[in-house]
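Participant: Handing over my_file_27.cif, mmCIF, C-alpha atoms and all ligand atoms.
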```cif
data_data
loop_
_atom_site.label_atom_id
_atom_site.label_comp_id
_atom_site.auth_asym_id
_atom_site.auth_seq_id
_atom_site.Cartn_x
_atom_site.Cartn_y
_atom_site.Cartn_z
CA MET A 1 -0.19 1.60 -20.80
CA GLY A 2 2.61 3.06 -22.92
CA ASP A 3 5.06 1.19 -25.11
CA LYS A 4 8.22 2.56 -23.47
CA VAL A 5 9.96 0.34 -20.92
CA ILE A 6 10.39 2.14 -17.59
CA ILE A 7 11.71 -0.69 -15.41
CA GLU A 8 13.73 -3.68 -16.43
CA LEU A 9 14.78 -6.55 -14.20
CA LEU A 10 17.64 -8.56 -15.66
CA ASN A 11 18.36 -11.97 -14.16
CA VAL A 12 17.56 -10.72 -10.68
CA THR A 13 18.26 -13.27 -7.97
CA LYS A 14 17.76 -13.01 -4.22
CA GLN A 15 18.82 -15.52 -1.62
CA PHE A 16 18.10 -15.58 2.09
CA ASP A 17 20.23 -18.02 4.07
CA ASP A 18 21.22 -19.98 0.95
CA GLU A 19 17.60 -20.32 -0.06
CA VAL A 20 16.81 -18.89 -3.49
CA ILE A 21 13.71 -16.71 -3.06
CA VAL A 22 13.77 -14.91 -6.40
CA ASN A 23 15.34 -16.92 -9.16
CA SER A 24 16.96 -15.17 -12.11
CA LEU A 25 13.90 -13.07 -12.77
CA ASN A 26 13.49 -11.10 -15.98
CA LEU A 27 10.74 -8.54 -16.30
CA GLN A 28 9.97 -5.41 -18.29
CA VAL A 29 7.42 -2.92 -17.01
CA PHE A 30 6.03 -0.23 -19.30
CA GLU A 31 5.31 3.42 -18.65
CA ASN A 32 1.81 4.00 -17.23
CA GLU A 33 1.32 0.29 -16.82
CA PHE A 34 -0.63 -1.32 -14.01
CA LEU A 35 1.36 -4.49 -13.49
CA THR A 36 0.48 -7.00 -10.80
CA LEU A 37 2.73 -9.60 -9.23
CA LEU A 38 0.35 -12.38 -8.29
CA GLY A 39 1.06 -15.59 -6.45
CA PRO A 40 0.60 -17.52 -3.23
CA SER A 41 2.20 -16.55 0.05
CA GLY A 42 5.95 -17.01 0.00
CA CYS A 43 6.44 -17.07 -3.79
CA GLY A 44 8.73 -14.02 -3.72
CA LYS A 45 6.38 -11.19 -4.73
CA THR A 46 7.24 -8.89 -1.86
CA THR A 47 10.95 -9.60 -2.16
CA THR A 48 10.80 -8.69 -5.87
CA LEU A 49 8.96 -5.47 -5.04
CA ARG A 50 11.40 -4.61 -2.28
CA MET A 51 14.32 -5.04 -4.66
CA ILE A 52 12.69 -2.69 -7.17
CA GLY A 53 12.14 -0.17 -4.36
CA GLY A 54 15.70 -0.53 -3.12
CA PHE A 55 14.78 -1.94 0.32
CA GLU A 56 16.48 -5.20 -0.51
CA LYS A 57 19.63 -5.71 -2.53
CA ALA A 58 19.72 -8.42 -5.19
CA ASN A 59 22.49 -11.02 -4.95
CA GLN A 60 22.74 -11.03 -8.71
CA GLY A 61 21.23 -9.19 -11.64
CA GLU A 62 20.40 -5.63 -12.51
CA ILE A 63 17.50 -3.30 -11.90
CA ILE A 64 17.28 -0.73 -14.66
CA ILE A 65 14.98 2.27 -14.26
CA GLU A 66 14.53 4.61 -17.20
CA GLY A 67 17.63 3.14 -18.81
CA LYS A 68 19.89 3.66 -15.77
CA ASP A 69 21.26 0.93 -13.51
CA PHE A 70 19.78 1.54 -10.04
CA SER A 71 20.83 -1.81 -8.56
CA ASP A 72 23.11 -0.25 -5.95
CA LEU A 73 21.15 2.90 -5.14
CA PRO A 74 19.07 3.36 -1.98
CA PRO A 75 15.26 3.83 -1.98
CA TYR A 76 15.31 7.63 -1.72
CA ALA A 77 17.48 7.90 -4.83
CA ARG A 78 14.93 6.05 -6.96
CA PRO A 79 11.98 7.75 -8.72
CA ILE A 80 9.76 5.39 -6.79
CA ASN A 81 7.40 5.47 -3.81
CA THR A 82 5.99 2.52 -1.95
CA VAL A 83 2.68 1.89 -0.20
CA PHE A 84 2.86 -0.93 2.28
CA GLN A 85 0.07 -3.06 3.69
CA LYS A 86 0.66 -1.48 7.07
CA TYR A 87 0.16 2.16 6.32
CA ALA A 88 2.85 3.44 8.70
CA LEU A 89 1.13 6.77 9.21
CA PHE A 90 2.19 9.11 12.01
CA PRO A 91 -0.55 9.06 14.66
CA HIS A 92 0.61 12.33 16.23
CA LEU A 93 0.25 14.23 12.94
CA ASN A 94 -3.05 15.21 11.34
CA VAL A 95 -4.05 14.07 7.86
CA ILE A 96 -2.53 16.89 5.85
CA ASP A 97 0.77 16.76 7.73
CA ASN A 98 0.98 13.03 7.10
CA VAL A 99 0.51 13.64 3.40
CA ALA A 100 2.88 16.58 3.29
CA PHE A 101 5.54 14.56 5.08
CA GLY A 102 6.60 13.02 1.77
CA LEU A 103 7.71 16.47 0.64
CA LYS A 104 8.59 18.19 3.90
CA ASN A 105 11.46 15.86 4.66
CA ARG A 106 13.02 16.31 1.23
CA SER A 107 16.16 18.31 0.73
CA TRP A 108 16.11 21.99 -0.17
CA GLU A 109 17.63 21.23 -3.60
CA TYR A 110 15.00 18.61 -4.26
CA LEU A 111 12.15 20.99 -3.46
CA ILE A 112 13.61 23.89 -5.46
CA ASN A 113 13.89 21.52 -8.37
CA PHE A 114 10.49 19.88 -7.79
CA TYR A 115 8.67 23.22 -7.84
CA HIS A 116 10.89 24.75 -10.54
CA LEU A 117 11.87 27.67 -8.28
CA GLU A 118 14.80 30.04 -8.42
CA ASN A 119 17.08 29.65 -5.39
CA GLU A 120 17.39 33.35 -4.51
CA ASN A 121 15.87 34.97 -1.44
CA LYS A 122 15.87 32.05 1.00
CA LYS A 123 13.15 33.39 3.24
CA GLU A 124 10.77 34.06 0.40
CA VAL A 125 11.49 30.75 -1.28
CA LYS A 126 10.86 28.96 1.98
CA LYS A 127 7.48 30.62 2.36
CA LYS A 128 6.64 29.76 -1.24
CA ILE A 129 7.69 26.16 -0.76
CA ASN A 130 5.49 25.79 2.32
CA GLU A 131 2.52 27.10 0.38
CA LEU A 132 3.25 24.82 -2.53
CA ILE A 133 3.63 21.77 -0.28
CA LYS A 134 0.26 22.51 1.26
CA ALA A 135 -1.30 22.85 -2.20
CA SER A 136 0.30 19.57 -3.30
CA ALA A 137 -0.99 17.79 -0.20
CA LEU A 138 -4.51 19.14 -0.76
CA GLU A 139 -4.37 18.06 -4.39
CA ALA A 140 -3.26 14.55 -3.38
CA LEU A 141 -6.03 14.36 -0.77
CA SER A 142 -8.61 15.37 -3.32
CA LEU A 143 -7.32 12.64 -5.67
CA VAL A 144 -8.02 10.02 -3.02
CA ASN A 145 -11.43 11.58 -2.25
CA LEU A 146 -10.46 12.93 1.17
CA LYS A 147 -11.08 16.62 0.57
CA GLY A 148 -12.27 18.21 3.79
CA TYR A 149 -10.48 15.71 6.04
CA GLU A 150 -7.14 17.54 6.15
CA ASN A 151 -7.31 18.55 9.82
CA ARG A 152 -8.57 15.25 11.18
CA ARG A 153 -6.37 13.18 13.41
CA ILE A 154 -5.21 9.87 11.98
CA THR A 155 -6.80 8.06 14.91
CA GLN A 156 -10.18 9.50 13.88
CA MET A 157 -9.97 7.91 10.43
CA SER A 158 -11.32 4.46 9.49
CA GLY A 159 -9.06 1.75 8.02
CA GLY A 160 -10.12 2.61 4.48
CA GLN A 161 -9.56 6.32 5.05
CA GLN A 162 -6.13 5.66 6.54
CA GLN A 163 -5.24 3.66 3.47
CA ARG A 164 -6.26 6.62 1.32
CA VAL A 165 -4.06 8.92 3.41
CA ALA A 166 -1.16 6.52 2.85
CA LEU A 167 -1.86 6.63 -0.88
CA ALA A 168 -2.05 10.42 -0.88
CA ARG A 169 1.29 10.54 0.91
CA ALA A 170 2.79 8.24 -1.70
CA ILE A 171 1.62 10.28 -4.68
CA VAL A 172 2.21 13.76 -3.28
CA ASN A 173 5.63 14.09 -4.89
CA LYS A 174 4.40 12.66 -8.19
CA PRO A 175 6.69 9.64 -8.42
CA LYS A 176 7.04 8.00 -11.81
CA ILE A 177 6.57 4.60 -10.24
CA LEU A 178 4.42 3.50 -7.33
CA LEU A 179 4.94 0.14 -5.66
CA LEU A 180 1.98 -1.22 -3.74
CA ASP A 181 2.39 -4.23 -1.45
CA GLU A 182 -1.04 -5.72 -0.73
CA PRO A 183 -2.34 -2.24 0.13
CA LEU A 184 -5.96 -3.39 0.35
CA ALA A 185 -5.46 -6.60 2.31
CA ALA A 186 -6.58 -5.14 5.63
CA LEU A 187 -9.88 -3.82 4.28
CA ASP A 188 -13.20 -5.65 4.28
CA LEU A 189 -14.46 -7.03 0.97
CA LYS A 190 -16.85 -4.22 0.08
CA LEU A 191 -14.39 -1.46 0.79
CA ARG A 192 -11.64 -3.40 -0.95
CA GLN A 193 -13.72 -3.63 -4.12
CA LYS A 194 -14.47 0.10 -3.97
CA MET A 195 -10.78 0.88 -3.48
CA GLN A 196 -9.81 -1.40 -6.37
CA TYR A 197 -11.94 0.70 -8.64
CA GLU A 198 -10.61 3.96 -7.20
CA LEU A 199 -6.98 2.87 -7.38
CA LYS A 200 -7.34 1.88 -11.00
CA GLU A 201 -9.01 5.21 -11.77
CA MET A 202 -6.32 7.11 -9.90
CA GLN A 203 -3.57 5.29 -11.77
CA ARG A 204 -5.23 6.15 -15.08
CA GLN A 205 -5.58 9.82 -14.13
CA LEU A 206 -2.05 10.20 -12.81
CA GLY A 207 -0.36 8.19 -15.53
CA ILE A 208 1.98 6.63 -12.96
CA THR A 209 3.39 3.14 -13.41
CA PHE A 210 1.92 0.90 -10.70
CA ILE A 211 3.51 -2.35 -9.58
CA PHE A 212 1.00 -4.03 -7.35
CA VAL A 213 1.48 -7.14 -5.22
CA THR A 214 -1.42 -9.36 -4.28
CA HIS A 215 -2.30 -12.98 -3.69
CA ASP A 216 -5.92 -12.27 -4.62
CA GLN A 217 -6.53 -13.32 -8.22
CA GLU A 218 -9.80 -11.44 -8.53
CA GLU A 219 -8.11 -8.25 -7.42
CA ALA A 220 -5.37 -8.81 -9.99
CA MET A 221 -7.86 -9.52 -12.77
CA THR A 222 -9.92 -6.41 -12.01
CA MET A 223 -7.15 -3.86 -11.97
CA SER A 224 -4.16 -4.95 -14.02
CA ASP A 225 -3.02 -4.22 -17.54
CA ARG A 226 -0.80 -7.27 -17.17
CA ILE A 227 -0.34 -9.90 -14.49
CA ALA A 228 2.89 -11.73 -13.69
CA VAL A 229 1.88 -15.02 -12.08
CA MET A 230 4.68 -16.09 -9.76
CA ASP A 231 5.57 -19.34 -8.08
CA LYS A 232 8.71 -20.29 -6.19
CA GLY A 233 10.66 -17.21 -7.20
CA ILE A 234 9.97 -17.26 -10.92
CA ILE A 235 7.36 -15.76 -13.24
CA VAL A 236 5.34 -18.65 -14.58
CA GLN A 237 3.21 -16.57 -16.92
CA LEU A 238 3.10 -12.91 -17.86
CA GLY A 239 0.18 -11.51 -19.81
CA THR A 240 -3.09 -9.63 -19.85
CA PRO A 241 -5.78 -10.86 -17.44
CA LYS A 242 -7.69 -12.20 -20.44
CA ALA A 243 -4.73 -14.13 -21.84
CA ILE A 244 -3.93 -15.59 -18.44
CA TYR A 245 -7.54 -16.61 -17.88
CA ASN A 246 -8.14 -17.99 -21.36
CA GLU A 247 -4.74 -19.46 -22.11
CA PRO A 248 -3.06 -20.57 -18.89
CA VAL A 249 0.32 -22.12 -19.66
CA ASN A 250 0.01 -24.89 -17.12
CA ARG A 251 -2.02 -26.47 -14.32
CA TYR A 252 -0.60 -24.12 -11.73
CA VAL A 253 -1.88 -21.01 -13.52
CA ALA A 254 -5.15 -22.66 -14.56
CA THR A 255 -6.01 -23.56 -10.98
CA PHE A 256 -4.73 -20.35 -9.44
CA ILE A 257 -6.74 -18.09 -11.74
CA GLY A 258 -10.48 -18.66 -11.56
CA GLU A 259 -12.39 -21.91 -11.53
CA SER A 260 -11.36 -24.53 -14.04
CA ASN A 261 -11.81 -28.15 -15.01
CA ILE A 262 -8.49 -29.74 -15.83
CA ILE A 263 -8.99 -33.03 -17.60
CA PRO A 264 -6.32 -35.52 -18.75
CA ALA A 265 -6.58 -35.95 -22.51
CA VAL A 266 -4.85 -37.27 -25.63
CA TYR A 267 -4.12 -35.03 -28.60
CA LEU A 268 -5.13 -37.38 -31.40
CA LYS A 269 -4.24 -35.26 -34.42
CA LYS A 270 -4.68 -31.73 -35.74
CA ASP A 271 -7.92 -30.24 -34.37
CA LEU A 272 -8.92 -33.42 -32.54
CA VAL A 273 -8.49 -34.22 -28.88
CA SER A 274 -9.93 -37.04 -26.80
CA PHE A 275 -10.98 -36.92 -23.17
CA MET A 276 -13.42 -38.78 -20.96
CA GLY A 277 -13.73 -41.38 -23.72
CA VAL A 278 -15.02 -38.93 -26.34
CA ASP A 279 -13.33 -37.18 -29.28
CA PHE A 280 -13.67 -33.39 -29.40
CA GLU A 281 -12.86 -30.89 -32.09
CA CYS A 282 -10.32 -28.31 -30.91
CA MET A 283 -8.72 -25.30 -32.56
CA GLY A 284 -5.32 -23.73 -32.80
CA TYR A 285 -3.03 -26.22 -31.11
CA THR A 286 -0.14 -28.29 -32.39
CA PHE A 287 1.08 -31.23 -30.38
CA LYS A 288 2.54 -34.59 -31.34
CA LYS A 289 0.05 -37.20 -32.51
CA ASN A 290 -1.26 -39.17 -29.52
CA GLU A 291 0.61 -36.95 -27.05
CA LYS A 292 -0.79 -36.93 -23.52
CA VAL A 293 -2.04 -33.43 -22.69
CA ASP A 294 -4.26 -31.61 -20.20
CA VAL A 295 -7.41 -29.89 -21.30
CA VAL A 296 -8.77 -26.85 -19.45
CA ILE A 297 -12.45 -25.99 -19.69
CA ARG A 298 -13.89 -23.17 -17.61
CA PRO A 299 -17.24 -23.96 -15.89
CA GLU A 300 -19.02 -21.24 -17.88
CA ASP A 301 -17.77 -22.68 -21.19
CA PHE A 302 -19.85 -25.85 -21.12
CA ASP A 303 -23.11 -25.74 -23.05
CA VAL A 304 -25.94 -27.59 -21.38
CA VAL A 305 -27.92 -29.36 -24.15
CA ASP A 306 -30.63 -32.00 -24.58
CA LEU A 307 -29.37 -35.48 -23.81
CA ASP A 308 -29.72 -36.64 -27.44
CA LYS A 309 -27.48 -33.78 -28.63
CA ALA A 310 -24.88 -34.14 -25.87
CA LYS A 311 -21.24 -35.17 -26.21
CA LEU A 312 -21.06 -35.95 -22.49
CA ILE A 313 -23.86 -37.14 -20.23
CA GLY A 314 -23.53 -37.00 -16.48
CA LYS A 315 -25.44 -36.81 -13.21
CA VAL A 316 -25.81 -33.64 -11.18
CA THR A 317 -24.29 -34.26 -7.74
CA SER A 318 -24.51 -30.71 -6.40
CA SER A 319 -26.31 -27.52 -7.40
CA LEU A 320 -25.60 -24.16 -5.78
CA PHE A 321 -27.49 -20.97 -6.59
CA LYS A 322 -24.96 -18.18 -7.14
CA GLY A 323 -27.24 -15.24 -7.78
CA VAL A 324 -27.00 -15.02 -11.56
CA HIS A 325 -26.15 -18.63 -12.39
CA ASN A 326 -26.21 -22.08 -10.85
CA GLU A 327 -22.96 -23.83 -10.10
CA LEU A 328 -23.29 -27.55 -10.70
CA LEU A 329 -21.05 -30.49 -10.01
CA VAL A 330 -21.60 -33.13 -12.65
CA ASP A 331 -20.33 -36.67 -12.31
CA ILE A 332 -19.29 -38.32 -15.55
CA LYS A 333 -17.97 -41.86 -15.11
CA GLY A 334 -16.33 -40.96 -11.81
CA THR A 335 -14.91 -37.59 -12.91
CA SER A 336 -16.47 -34.51 -11.37
CA LEU A 337 -16.86 -31.44 -13.58
CA LYS A 338 -17.84 -27.93 -12.55
CA VAL A 339 -20.51 -26.50 -14.82
CA ASN A 340 -22.17 -23.08 -14.63
CA THR A 341 -25.64 -22.75 -16.11
CA TYR A 342 -28.64 -20.43 -15.94
CA GLU A 343 -30.99 -23.45 -15.96
CA ASN A 344 -32.19 -25.09 -12.77
CA TYR A 345 -31.17 -28.67 -12.08
CA VAL A 346 -31.76 -30.89 -9.10
CA VAL A 347 -29.30 -33.33 -7.61
CA GLY A 348 -29.62 -36.74 -9.24
CA GLU A 349 -30.85 -35.37 -12.58
CA ASP A 350 -29.13 -36.38 -15.84
CA ILE A 351 -27.56 -33.55 -17.79
CA GLY A 352 -26.11 -33.31 -21.32
CA LEU A 353 -23.03 -31.23 -22.09
CA LYS A 354 -21.29 -29.91 -25.18
CA VAL A 355 -18.30 -27.65 -25.56
CA ASP A 356 -17.36 -25.31 -28.37
CA PRO A 357 -13.98 -26.19 -29.99
CA TYR A 358 -12.70 -22.68 -29.20
CA GLU A 359 -13.40 -23.15 -25.48
CA ILE A 360 -11.10 -26.17 -25.22
CA HIS A 361 -7.71 -25.01 -24.06
CA ILE A 362 -4.90 -27.56 -24.30
CA MET A 363 -1.73 -27.55 -22.17
CA LYS A 364 1.35 -29.67 -22.09
CA VAL A 365 1.44 -32.11 -19.20
CA ASN A 366 3.96 -31.24 -16.47
CA GLU A 367 5.27 -28.32 -18.47
CA TYR A 368 6.11 -26.81 -15.14
CA GLU A 369 5.99 -28.39 -11.70
P1 LIG B 1 3.50 -12.98 1.20
O1 LIG B 1 2.29 -12.78 0.37
O2 LIG B 1 3.29 -13.96 2.32
O3 LIG B 1 4.17 -11.72 1.64
P2 LIG B 1 5.48 -13.20 -0.85
O4 LIG B 1 5.20 -13.92 -2.11
O5 LIG B 1 5.41 -11.73 -0.90
O6 LIG B 1 4.54 -13.75 0.26
P3 LIG B 1 8.10 -12.89 0.19
O7 LIG B 1 7.65 -11.98 1.27
O8 LIG B 1 8.85 -12.32 -0.95
O9 LIG B 1 6.87 -13.71 -0.38
O10 LIG B 1 8.96 -14.04 0.88
C1 LIG B 1 9.43 -15.15 0.16
C2 LIG B 1 10.23 -16.01 1.08
O11 LIG B 1 11.40 -15.32 1.49
C3 LIG B 1 9.52 -16.42 2.35
O12 LIG B 1 9.78 -17.78 2.58
C4 LIG B 1 10.14 -15.56 3.42
O13 LIG B 1 10.15 -16.24 4.66
C5 LIG B 1 11.54 -15.34 2.90
N1 LIG B 1 12.08 -14.06 3.36
C6 LIG B 1 11.62 -12.83 3.03
N2 LIG B 1 12.36 -11.86 3.61
C7 LIG B 1 13.33 -12.49 4.32
C8 LIG B 1 14.42 -12.04 5.14
N3 LIG B 1 14.66 -10.73 5.33
N4 LIG B 1 15.20 -12.98 5.71
C9 LIG B 1 14.98 -14.30 5.51
N5 LIG B 1 13.98 -14.78 4.76
C10 LIG B 1 13.16 -13.90 4.16
#
```
Using the file provided, produce a representation of the structure as structure tokens.

Facilitator:
Amino acid sequence: MGDKVIIELLNVTKQFDDEVIVNSLNLQVFENEFLTLLGPSGCGKTTTLRMIGGFEKANQGEIIIEGKDFSDLPPYARPINTVFQKYALFPHLNVIDNVAFGLKNRSWEYLINFYHLENENKKEVKKKINELIKASALEALSLVNLKGYENRRITQMSGGQQQRVALARAIVNKPKILLLDEPLAALDLKLRQKMQYELKEMQRQLGITFIFVTHDQEEAMTMSDRIAVMDKGIIVQLGTPKAIYNEPVNRYVATFIGESNIIPAVYLKKDLVSFMGVDFECMGYTFKKNEKVDVVIRPEDFDVVDLDKAKLIGKVTSSLFKGVHNELLVDIKGTSLKVNTYENYVVGEDIGLKVDPYEIHIMKVNEYE
């Protein structure tokens, strides 16, 4: 990810039938960045993406691309391509013609410019352009690991292969920015995970800025340089996957990203917080004395210890084997905590817990609802 801003959204608002879908959104995207818009269905991710692509016009605000205001320009005038969930391939064309389509339907001037050609003998230039388009399409197909498939019919390709063709078509003219709207949603889990890896690798190789829309938090965590967590038309938190996982700004983000225990607490004083009737050391937070707060502890951040060394003692109410670890539910005075451990416990057994001060994340209550 570079440090130069390539796209800037300034107070972008979109309404449909008087309903505000995207609400005064501000966002900067950097060159070569893999940025993901993440949020539940209906939060405005696709609408935001469509405004960046020029398929939807904002009611207010500006969309700046490489320093120029593109707010009023149509999709084809933007240095952007889009890959949709539904691949929209042409079934009557073979693979290579589908990929080449992104260049073949461009204007003469565009192609002359794209291939740095002199506009002299039209017939010769045309021949050259056709050769170059074919070479570009083959190059794009090889980037998505579909070398050798160029003459296949689209109908003879699997869902995953069709998605790769759609990707090849979208990168064939080397756009600076690629928008991807849930491009992997139609694939089964195994293939999706493979494609996540390949997409990330392709983005790194091509150095294109990717803006990726998904409602799948794991997908977002795996691929993104930064994630913008959205809800109800606004960005609730923008940061690296690590920052969003470790320091969620509120309950919404903490519950949306990964598993978490959110426990009502009182911030007693500097470095001391109380929850479930016990005082815990904490680090790096400043709240008012005795302010009501929420504490987030991830299931993997509890330490299971001997009962005589424990800060909290509870009863195991559920134990699920998850391959590497066991996922326990532990009841402590009526509150159920999720705890991950490598040890084996049976339901009904007492268990002692501790938590490192650095693993206690504190949030304001109702900072955002
Ligand atoms: P999903 O993951 O389901 O696509 P999303 O976060 O991408 O959700 P959007 O597609 O941006 O959400 O839609 C946000 C809201 O805007 C939805 O309530 C949707 O019904 C509404 N909406 C989107 N496009 C239009 C439109 N053209 N006309 C009217 N309402 C629309």

Participant: Work out how far apart CA of Tyr285 (chain A) and CA of Thr255 (chain A) are and give it in Å to one decimal.

Facilitator: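 Rounded to one decimal, the two atoms are 20.5 Å apart.
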
Participant: Distance limit 7 Å, reference ligand LIG 1 (chain B), atoms considered: only C-alpha atoms and all ligand atoms. Which residues make the cut? Give them as an mmCIF file with C-alpha atoms, in the frame of the given file.

Facilitator:
```
data_model
loop_
_atom_site.group_PDB
_atom_site.id
_atom_site.type_symbol
_atom_site.label_atom_id
_atom_site.label_comp_id
_atom_site.auth_asym_id
_atom_site.auth_seq_id
_atom_site.Cartn_x
_atom_site.Cartn_y
_atom_site.Cartn_z
ATOM 1 C CA PHE A 16 18.100 -15.580 2.090
ATOM 2 C CA ASP A 17 20.230 -18.020 4.070
ATOM 3 C CA ILE A 21 13.710 -16.710 -3.060
ATOM 4 C CA GLY A 39 1.060 -15.590 -6.450
ATOM 5 C CA PRO A 40 0.600 -17.520 -3.230
ATOM 6 C CA SER A 41 2.200 -16.550 0.050
ATOM 7 C CA GLY A 42 5.950 -17.010 0.000
ATOM 8 C CA CYS A 43 6.440 -17.070 -3.790
ATOM 9 C CA GLY A 44 8.730 -14.020 -3.720
ATOM 10 C CA LYS A 45 6.380 -11.190 -4.730
ATOM 11 C CA THR A 46 7.240 -8.890 -1.860
ATOM 12 C CA THR A 47 10.950 -9.600 -2.160
ATOM 13 C CA THR A 48 10.800 -8.690 -5.870
ATOM 14 C CA THR A 214 -1.420 -9.360 -4.280
ATOM 15 C CA HIS A 215 -2.300 -12.980 -3.690
#
```

Participant: Need the shell around Asn261 (chain A): protein/DNA/RNA residues with any atom at most 8 Å away, counting all atoms listed in the file. Skip same-chain ones fewer than 6 positions apart. Format as an mmCIF file with C-alpha atoms, keeping the file's coordinate frame?

Facilitator:
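Saved as result-v4.cif:
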```
data_model
loop_
_atom_site.group_PDB
_atom_site.id
_atom_site.type_symbol
_atom_site.label_atom_id
_atom_site.label_comp_id
_atom_site.auth_asym_id
_atom_site.auth_seq_id
_atom_site.Cartn_x
_atom_site.Cartn_y
_atom_site.Cartn_z
ATOM 1 C CA VAL A 295 -7.410 -29.890 -21.300
ATOM 2 C CA VAL A 296 -8.770 -26.850 -19.450
ATOM 3 C CA ILE A 297 -12.450 -25.990 -19.690
ATOM 4 C CA ARG A 298 -13.890 -23.170 -17.610
ATOM 5 C CA PRO A 299 -17.240 -23.960 -15.890
ATOM 6 C CA LEU A 337 -16.860 -31.440 -13.580
ATOM 7 C CA LYS A 338 -17.840 -27.930 -12.550
#
```

Participant: Leaving out Val266 (chain A) and any residue of its chain fewer than 4 positions from it, which residues lie within 7 Å of it when counting all atoms listed in the file, given as a list of chain:residue names?

Facilitator: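 Once the adjacent positions are removed, what remains is A:Val273, A:Ser274, A:Phe275, A:Asn290, A:Glu291, A:Lys292, A:Val293.
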
Participant: Quick one: distance from CA of Met276 (chain A) to CA of Pro248 (chain A) in Å, one decimal?

Facilitator: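 A separation of 21.1 Å between them.
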
Participant: Which protein, DNA or RNA residues are at most 10 Å from (19.2, -14.2, -2.3) in the file's coordinates when you count all atoms listed in the file, listed as a list in words?

Facilitator: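 Those residues lying close to the given coordinates are Val12, Thr13, Lys14, Gln15, Phe16, Asp17, Asp18, Glu19, Val20, Ile21, Val22, Asn23, Thr47, Glu56, Lys57, Ala58, Asn59 and Gln60 of chain A.
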
Participant: Quick one: residues within 10 Å of region 178-181 of chain A, only C-alpha atoms, excluding same-chain residues fewer than 6 positions away - as a list in words?

Facilitator: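 Here the qualifying residues turn out to be Phe34, Leu35, Thr36, Leu37, Lys45, Thr46, Leu49, Arg50, Ile52, Gly53, Pro79, Ile80, Asn81, Thr82, Val83, Phe84, Gln85, Lys86, Leu167, Ala170, Ile171, Gln203, Ile208, Thr209, Phe210, Ile211, Phe212, Val213 and Thr214 of chain A.
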
Participant: Just give me the gap between CA of Arg164 (chain A) and CA of Val144 (chain A) in Å, one decimal is fine.

Facilitator: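 It comes out at 5.8 Å.
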
Participant: What's around Ile96 (chain A) at 8 Å? Count only C-alpha atoms, leave out sequence neighbours fewer than 2 positions away in its own chain, and write the answer as a list in words.

Facilitator: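 Near neighbours after the sequence-gap exclusion: Asn94, Asn98, Val99, Ala100, Lys134, Ala137, Leu138, Leu141, Glu150 and Asn151 of chain A.
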
Participant: List the neighbours of Gly160 (chain A) out to 9 Å using only C-alpha atoms; skip same-chain residues closer than 5 positions along the sequence, and give me the result as a ChimeraX atom specification.

Facilitator: /A:165,184,186-188,191-192,195

Participant: Counting all atoms listed in the file, which residues of region 283-318 of chain A sit at most 8 Å from some atom of region 353-356 of chain A, and what is each one's closest atom pair with its distance in Å to one decimal, listed by chain and rising residue number, as CSV?

Facilitator:
```
residue,atom,partner,partner_atom,distance
A:Asp301,CA,A:Val355,CA,6.6
A:Phe302,CA,A:Val355,CA,5.0
A:Asp303,CA,A:Lys354,CA,5.0
A:Val304,CA,A:Leu353,CA,4.7
A:Val305,CA,A:Leu353,CA,5.6
A:Leu307,CA,A:Leu353,CA,7.8
A:Ala310,CA,A:Leu353,CA,5.1
A:Lys311,CA,A:Lys354,CA,5.4
A:Leu312,CA,A:Leu353,CA,5.1
A:Ile313,CA,A:Leu353,CA,6.3
```

Participant: With C-alpha atoms kept, could you save the residues just selected as a PDB file, in the coordinates of the input?

Facilitator:
```pdb
ATOM      1  CA  ASP A 301     -17.770 -22.680 -21.190  1.00  0.00           C
ATOM      2  CA  PHE A 302     -19.850 -25.850 -21.120  1.00  0.00           C
ATOM      3  CA  ASP A 303     -23.110 -25.740 -23.050  1.00  0.00           C
ATOM      4  CA  VAL A 304     -25.940 -27.590 -21.380  1.00  0.00           C
ATOM      5  CA  VAL A 305     -27.920 -29.360 -24.150  1.00  0.00           C
ATOM      6  CA  LEU A 307     -29.370 -35.480 -23.810  1.00  0.00           C
ATOM      7  CA  ALA A 310     -24.880 -34.140 -25.870  1.00  0.00           C
ATOM      8  CA  LYS A 311     -21.240 -35.170 -26.210  1.00  0.00           C
ATOM      9  CA  LEU A 312     -21.060 -35.950 -22.490  1.00  0.00           C
ATOM     10  CA  ILE A 313     -23.860 -37.140 -20.230  1.00  0.00           C
TER      11      ILE A 313
END
```

Participant: Region 152-167 of chain A from the block above, C-alpha atoms, as a CSV table (one decimal), in the first residue's frame, please?

Facilitator:
```csv
chain,number,residue,atom,x,y,z
A,152,ARG,CA,-13.3,-22.8,-24.2
A,153,ARG,CA,-16.9,-21.7,-24.2
A,154,ILE,CA,-18.1,-19.9,-21.1
A,155,THR,CA,-20.8,-22.5,-20.5
A,156,GLN,CA,-18.0,-25.1,-20.2
A,157,MET,CA,-16.4,-23.3,-17.3
A,158,SER,CA,-17.2,-23.9,-13.6
A,159,GLY,CA,-18.4,-21.0,-11.4
A,160,GLY,CA,-14.9,-20.4,-10.0
A,161,GLN,CA,-13.4,-20.4,-13.5
A,162,GLN,CA,-16.1,-18.0,-14.7
A,163,GLN,CA,-15.2,-15.7,-11.9
A,164,ARG,CA,-11.6,-15.8,-13.0
A,165,VAL,CA,-12.7,-14.9,-16.5
A,166,ALA,CA,-14.6,-11.9,-15.1
A,167,LEU,CA,-11.5,-10.8,-13.2
```
